[in-house]
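Student: Data file start-v7.csv (CSV, C-alpha atoms) is appended below.
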```csv
chain,number,residue,atom,x,y,z
A,196,MET,CA,5.4,184.5,57.7
A,197,GLN,CA,2.1,184.6,59.6
A,198,GLU,CA,0.0,185.0,56.4
A,199,GLY,CA,1.8,182.0,54.9
A,200,GLU,CA,1.0,179.8,57.9
A,201,LEU,CA,-2.6,181.0,58.1
A,202,SER,CA,-2.9,180.1,54.4
A,203,GLY,CA,-1.7,176.6,55.0
A,204,LEU,CA,1.9,177.1,54.0
A,205,ARG,CA,5.2,176.5,55.8
A,206,TYR,CA,6.4,180.0,54.9
A,207,ILE,CA,10.0,180.9,55.8
A,208,TYR,CA,11.4,184.5,55.3
A,209,ARG,CA,15.1,185.1,55.6
A,210,LEU,CA,16.8,188.4,55.8
A,211,ILE,CA,19.9,188.8,53.7
A,212,ASP,CA,21.5,192.1,54.8
A,213,LEU,CA,24.3,193.0,52.5
A,214,ALA,CA,25.7,195.7,54.9
A,215,ALA,CA,25.7,193.3,57.9
A,216,LEU,CA,27.4,190.6,55.8
A,217,GLY,CA,30.0,193.0,54.5
A,218,LEU,CA,28.8,192.5,50.9
A,219,SER,CA,28.2,194.8,48.0
A,220,THR,CA,25.9,194.5,44.9
A,221,ASP,CA,28.8,192.7,43.2
A,222,SER,CA,27.6,189.7,45.3
A,223,LEU,CA,24.2,189.6,43.6
A,224,PRO,CA,25.0,186.8,41.0
A,225,ARG,CA,26.3,184.5,43.7
A,226,LEU,CA,23.3,185.3,46.0
A,227,LEU,CA,20.8,184.6,43.2
A,228,GLU,CA,22.5,181.3,42.4
A,229,ALA,CA,22.7,180.3,46.0
A,230,ALA,CA,19.0,181.1,46.6
A,231,GLY,CA,18.0,178.9,43.6
A,232,GLN,CA,20.2,176.1,44.9
A,233,LEU,CA,18.7,176.3,48.4
A,234,GLY,CA,15.1,176.1,47.0
A,235,PHE,CA,14.0,179.7,47.6
A,236,ASN,CA,10.8,180.6,45.7
A,237,GLY,CA,12.0,184.1,45.3
A,238,LEU,CA,13.6,187.2,46.7
A,239,ALA,CA,12.3,190.6,47.9
A,240,VAL,CA,14.7,193.2,46.7
A,241,THR,CA,15.3,196.7,48.2
A,242,HIS,CA,17.8,199.5,48.0
A,243,PRO,CA,20.6,199.4,46.8
A,244,CYS,CA,19.8,196.4,44.7
A,245,LYS,CA,16.7,197.3,42.7
A,246,GLU,CA,18.5,198.5,39.7
A,247,ALA,CA,21.8,196.5,40.1
A,248,VAL,CA,20.0,193.2,40.0
A,249,LEU,CA,18.5,193.8,36.5
A,250,ALA,CA,21.6,192.6,34.6
A,251,HIS,CA,21.6,189.3,36.5
A,252,LEU,CA,18.1,188.1,35.8
A,253,SER,CA,16.8,185.7,33.2
A,254,GLU,CA,13.6,187.7,32.4
A,255,LEU,CA,11.8,190.9,33.3
A,256,SER,CA,8.1,191.6,33.6
A,257,SER,CA,6.8,194.4,31.4
A,258,ASP,CA,6.5,196.7,34.4
A,259,ALA,CA,10.0,195.9,35.6
A,260,ARG,CA,11.4,196.6,32.2
A,261,LEU,CA,9.5,199.9,31.9
A,262,LEU,CA,10.5,201.1,35.4
A,263,GLY,CA,14.1,199.9,35.2
A,264,ALA,CA,13.9,198.5,38.7
A,265,VAL,CA,13.0,195.2,40.4
A,266,ASN,CA,11.7,194.6,43.9
A,267,THR,CA,10.6,191.0,43.5
A,268,VAL,CA,12.5,188.1,41.9
A,269,LEU,CA,10.8,184.8,41.3
A,270,LEU,CA,13.0,181.7,41.1
A,271,LYS,CA,11.3,179.1,39.0
A,272,ASP,CA,12.4,176.2,36.7
A,273,GLY,CA,16.0,177.5,36.8
A,274,LYS,CA,15.0,181.0,35.8
A,275,SER,CA,15.1,184.3,37.7
A,276,ILE,CA,12.2,186.5,36.8
A,277,GLY,CA,12.1,190.2,37.9
A,278,HIS,CA,8.9,192.0,38.8
A,279,ASN,CA,8.1,195.4,40.2
A,280,THR,CA,5.2,195.6,42.7
A,281,ASP,CA,6.1,199.1,44.0
A,282,TRP,CA,3.9,200.7,41.3
A,283,PHE,CA,1.1,198.3,41.9
A,284,GLY,CA,1.3,198.9,45.7
A,285,PHE,CA,0.9,202.7,45.3
A,286,ALA,CA,-1.9,202.3,42.6
A,287,ASP,CA,-3.8,199.9,44.8
A,288,SER,CA,-3.5,202.1,47.9
A,289,PHE,CA,-4.3,205.2,45.9
A,290,ARG,CA,-7.5,203.8,44.4
A,291,ARG,CA,-8.6,202.4,47.9
A,292,ASP,CA,-7.5,205.2,50.3
A,293,MET,CA,-7.8,208.3,48.1
A,294,ALA,CA,-11.0,207.6,46.2
A,295,GLY,CA,-12.8,210.6,45.0
A,296,VAL,CA,-10.0,213.1,45.1
A,297,LYS,CA,-9.5,215.5,42.1
A,298,THR,CA,-6.8,214.3,39.8
A,299,ASP,CA,-6.4,216.8,37.0
A,300,ARG,CA,-2.9,217.8,38.0
A,301,VAL,CA,-0.5,216.3,40.6
A,302,VAL,CA,2.9,217.5,41.6
A,303,GLN,CA,5.3,214.8,42.6
A,304,LEU,CA,8.5,215.5,44.6
A,305,GLY,CA,11.3,213.1,43.6
A,306,ALA,CA,11.8,210.9,40.6
A,307,GLY,CA,14.2,208.2,41.8
A,308,GLY,CA,13.4,204.4,41.6
A,309,ALA,CA,10.4,204.6,43.8
A,310,GLY,CA,9.4,208.0,42.3
A,311,LYS,CA,9.3,206.6,38.8
A,312,ALA,CA,7.1,203.7,40.0
A,313,VAL,CA,4.7,206.1,41.7
A,314,ALA,CA,4.5,208.4,38.7
A,315,HIS,CA,3.6,205.4,36.5
A,316,ALA,CA,1.0,204.4,39.1
A,317,LEU,CA,-0.6,207.9,39.2
A,318,LEU,CA,-0.8,208.0,35.4
A,319,SER,CA,-2.2,204.4,35.4
A,320,CYS,CA,-4.9,205.5,37.9
A,321,GLY,CA,-6.1,208.3,35.6
A,322,VAL,CA,-4.2,211.3,36.8
A,323,LYS,CA,-4.3,213.7,33.8
A,324,HIS,CA,-0.9,215.2,34.3
A,325,VAL,CA,2.0,214.5,36.7
A,326,ALA,CA,4.6,217.3,37.1
A,327,LEU,CA,7.9,216.0,38.6
A,328,TRP,CA,10.1,218.2,40.8
A,329,VAL,CA,13.7,217.2,41.2
A,330,ARG,CA,16.8,219.1,42.2
A,331,ASN,CA,18.6,218.1,39.1
A,332,PRO,CA,16.2,218.2,36.1
A,333,GLU,CA,18.7,216.3,33.9
A,334,LYS,CA,18.2,213.2,36.1
A,335,ALA,CA,14.5,213.3,35.4
A,336,LYS,CA,14.9,213.2,31.6
A,337,PRO,CA,15.1,209.4,31.3
A,338,VAL,CA,12.0,209.1,33.6
A,339,ILE,CA,10.1,211.6,31.5
A,340,GLU,CA,11.0,209.9,28.3
A,341,SER,CA,10.1,206.3,29.3
A,342,LEU,CA,6.8,207.3,30.9
A,343,ALA,CA,5.9,209.6,28.0
A,344,ALA,CA,6.4,206.6,25.6
A,345,VAL,CA,3.7,204.7,27.5
A,346,HIS,CA,1.3,207.4,28.7
A,347,GLY,CA,1.9,210.3,26.3
A,348,SER,CA,4.2,213.3,26.4
A,349,ALA,CA,1.3,215.7,27.3
A,350,ARG,CA,0.8,213.9,30.6
A,351,ILE,CA,4.2,214.1,32.2
A,352,SER,CA,6.6,217.0,32.7
A,353,THR,CA,9.1,218.6,35.1
A,354,VAL,CA,8.5,221.5,37.4
A,355,ASP,CA,10.4,224.8,36.9
A,356,ASN,CA,8.7,226.8,39.7
A,357,LEU,CA,7.6,224.7,42.6
A,358,PRO,CA,5.4,227.3,44.3
A,359,ASP,CA,3.5,228.0,41.1
A,360,ALA,CA,3.2,224.3,40.3
A,361,VAL,CA,1.8,223.5,43.7
A,362,ALA,CA,-0.6,226.5,43.6
A,363,SER,CA,-2.3,225.0,40.5
A,364,ALA,CA,-2.2,221.4,41.6
A,365,ASP,CA,-5.0,219.2,43.0
A,366,GLY,CA,-2.6,216.9,44.8
A,367,LEU,CA,1.0,216.5,46.0
A,368,VAL,CA,3.0,213.3,46.4
A,369,ASN,CA,6.3,213.1,48.3
A,370,ALA,CA,8.6,210.4,46.8
A,371,THR,CA,11.7,211.7,48.4
A,372,PRO,CA,13.3,210.4,51.7
A,373,ILE,CA,12.7,213.7,53.4
A,374,GLY,CA,10.5,213.0,56.4
A,375,MET,CA,11.9,209.6,57.3
A,376,ASP,CA,13.4,209.1,60.8
A,377,ALA,CA,16.9,209.2,59.2
A,378,HIS,CA,16.1,212.2,57.1
A,379,PRO,CA,13.8,214.5,59.2
A,380,GLY,CA,12.2,217.6,57.9
A,381,CYS,CA,9.7,218.7,55.3
A,382,PRO,CA,10.4,218.5,51.6
A,383,LEU,CA,8.8,221.9,50.8
A,384,SER,CA,7.6,225.0,52.6
A,385,ALA,CA,4.4,224.3,54.6
A,386,SER,CA,3.1,227.7,53.4
A,387,LEU,CA,2.5,226.1,50.0
A,388,LEU,CA,-0.1,223.7,51.5
A,389,ARG,CA,-3.8,224.4,51.6
A,390,SER,CA,-7.0,222.6,52.5
A,391,ASP,CA,-8.0,221.7,49.0
A,392,LEU,CA,-4.6,220.1,48.1
A,393,TRP,CA,-4.5,216.4,49.0
A,394,VAL,CA,-1.1,215.1,50.1
A,395,ALA,CA,0.3,211.6,49.9
A,396,ASP,CA,3.7,210.5,51.3
A,397,LEU,CA,5.4,207.3,50.5
A,398,ILE,CA,7.0,207.2,54.0
A,399,TYR,CA,5.3,205.0,56.6
A,400,SER,CA,7.7,205.4,59.5
A,401,PRO,CA,6.9,207.7,61.1
A,402,ALA,CA,3.2,207.3,60.3
A,403,GLU,CA,2.8,211.1,60.2
A,404,THR,CA,5.7,212.9,58.7
A,405,GLU,CA,6.2,216.7,59.1
A,406,LEU,CA,4.7,217.1,55.6
A,407,LEU,CA,1.5,215.2,56.5
A,408,LYS,CA,1.2,216.9,59.9
A,409,ALA,CA,1.4,220.3,58.2
A,410,ALA,CA,-1.1,219.3,55.6
A,411,ARG,CA,-3.5,217.9,58.2
A,412,LEU,CA,-3.3,221.1,60.2
A,413,LYS,CA,-4.3,223.0,57.0
A,414,GLY,CA,-7.3,220.7,56.7
A,415,ALA,CA,-6.1,218.7,53.7
A,416,ARG,CA,-6.8,215.1,53.0
A,417,THR,CA,-3.7,213.0,53.7
A,418,ASN,CA,-2.3,209.5,53.2
A,419,ASN,CA,0.9,207.9,54.3
A,420,GLY,CA,3.0,205.1,52.8
A,421,MET,CA,1.5,202.3,54.9
A,422,GLY,CA,-1.1,201.5,52.2
A,423,MET,CA,1.6,201.2,49.5
A,424,PHE,CA,3.9,199.1,51.8
A,425,PHE,CA,1.0,196.7,52.5
A,426,SER,CA,-0.3,196.4,49.0
A,427,GLN,CA,3.1,195.8,47.3
A,428,ALA,CA,3.8,193.2,50.0
A,429,ALA,CA,0.5,191.5,49.4
A,430,GLU,CA,1.2,191.4,45.6
A,431,GLN,CA,4.7,189.9,46.4
A,432,PHE,CA,3.0,187.2,48.5
A,433,ARG,CA,0.7,186.3,45.6
A,434,LEU,CA,3.6,186.1,43.2
A,435,PHE,CA,5.7,184.0,45.5
A,436,THR,CA,3.0,181.6,46.5
A,437,GLY,CA,0.3,181.7,43.8
A,438,ILE,CA,-2.2,182.2,46.6
A,439,GLU,CA,-4.4,185.3,47.0
A,440,PRO,CA,-3.7,186.6,50.6
A,441,ASP,CA,-6.4,187.7,53.0
A,442,GLN,CA,-5.6,191.4,52.6
A,443,ARG,CA,-7.5,192.6,55.7
A,444,ARG,CA,-5.8,190.1,57.9
A,445,MET,CA,-2.4,190.8,56.4
A,446,GLN,CA,-2.8,194.5,56.8
A,447,GLU,CA,-3.7,194.2,60.5
A,448,HIS,CA,-0.6,192.1,61.1
A,449,MET,CA,1.7,194.5,59.3
A,450,LYS,CA,0.3,197.4,61.3
A,451,LYS,CA,1.2,195.5,64.5
A,452,LEU,CA,4.7,194.8,63.2
A,453,VAL,CA,5.3,198.5,62.3
A,454,SER,CA,4.0,199.7,65.7
A,455,ALA,CA,6.2,197.1,67.5
A,456,ALA,CA,9.3,198.3,65.6
A,457,ARG,CA,8.9,201.9,66.7
```
Starting from the file, give its structure as structure tokens.

Tutor:
Amino acid sequence: MQEGELSGLRYIYRLIDLAALGLSTDSLPRLLEAAGQLGFNGLAVTHPCKEAVLAHLSELSSDARLLGAVNTVLLKDGKSIGHNTDWFGFADSFRRDMAGVKTDRVVQLGAGGAGKAVAHALLSCGVKHVALWVRNPEKAKPVIESLAAVHGSARISTVDNLPDAVASADGLVNATPIGMDAHPGCPLSASLLRSDLWVADLIYSPAETELLKAARLKGARTNNGMGMFFSQAAEQFRLFTGIEPDQRRMQEHMKKLVSAAR
């Protein structure tokens, strides 16, 4: 809201909490219709609606179609248009905050909705090969197939032996919820970390997860999810308003909000 006001807009952001309202994803068609009737410019979408909302939209951007998930819905001229800024957020943050790291081979933990977006972002940023580690390899097959169709089958695979994969990797990305306040812990053994293995974590609260702390103590270069959170929100703002936000100003404001919420 602050960035909207500072950009000369009367910007109103309303929270629609399905759990608090006692609603399920079955309510999405009615919520979309109501938002359009009430004059909303769009909706920011999060779990558990990112995939469920797909069937109820008029159009999808190419990225949303590829990733099979939507986190931004534009409401315009009677249409609902789905976008995915998660992948853009990670790519923008990675290019900015992890410039210069070696990117021949990256191991990524997790291949869910956010994980697929991040794998796409890594490959789009020039990572030569992304190896996905998931507990159930069968669940990763559709992710592998869709990303291979865009980036080439030689650039994406699953991990059979995690210690061996990490030992030969340049970087490690955590796209699982392990490390969040609600899911404490480290997603892999800290003994696998080393000083020349950079580590990125999608989690931004806490700012330093157990994984990032262990990596930092090993002397590794680390990056938390704050950059992705900020960049995807800035892209959402641009889509909603058609105005390029002051990213430095927006980032400082978002840091204050996250700190205040702790």

Student: Any idea what the distance is between CA of His324 in chain A and CA of Lys311 in chain A?

Tutor: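 Calculated distance between CA of His324 in chain A and CA of Lys311 in chain A is 14.1 Å.
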
Student: Please, what distance in Å, to one decimal, runs between CA of Trp328 in chain A and CA of Thr267 in chain A?

Tutor: 27.3 Å

Student: Can you pull out every residue within 6 Å of range 284-301 of chain A, counting only C-alpha atoms, but drop anything in the same chain fewer than 3 positions away, and send it as number ranges by chain?

Tutor: A: 280-281, 316, 322-325, 364-367, 422-423, 426-427

Student: One number please: CA of Ala428 in chain A to CA of Cys244 in chain A, in Å, one decimal.

Tutor: 17.2 Å

Student: Which residue is closest to Met421 in chain A? Choose from A:Val345, A:Leu317, A:Ala247, A:Ala395 and count all atoms listed in the file.

Tutor: A:Ala395

Student: For the point (17.7, 196.6, 44.7) in the file's frame, write as a PyMOL selection string all residues with an atom no more than 10 Å away, counting all atoms listed in the file.

Tutor: chain A and resi 220+223+239-249+264-267+308

Student: Find the residues near range 415-420 of chain A: any atom within 8 Å, counting all atoms listed in the file, skip ones fewer than 6 places away on the same chain, and give them as a PyMOL selection string.

Tutor: chain A and resi 292-293+389-399+402-403+407

Student: From the options A:Gly203, A:Pro440, A:Gly231, A:Pro372, which residue's atoms come nearest to Ile276 in chain A, counting all atoms listed in the file?

Tutor: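 Looking at the shortest contact to Ile276 in chain A, the residue is A:Gly231.
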
Student: What's around Ala312 in chain A at 6 Å? Count only C-alpha atoms, leave out sequence neighbours fewer than 3 positions away in its own chain, and write the answer as a PyMOL selection string.

Tutor: chain A and resi 282+309+315

Student: Using all atoms listed in the file, which of the listed residues (A:Pro358, A:Gly237, A:Pro401, A:Gly414) sits closest to Leu383 in chain A?

Tutor: A:Pro358

Student: Nearest to Arg330 in chain A among A:Ala306, A:Ala343, A:Ala314, A:Ala362, with distances taken over all atoms listed in the file: which residue is it?

Tutor: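 Using all atoms listed in the file, the shortest distance to Arg330 in chain A belongs to A:Ala306.
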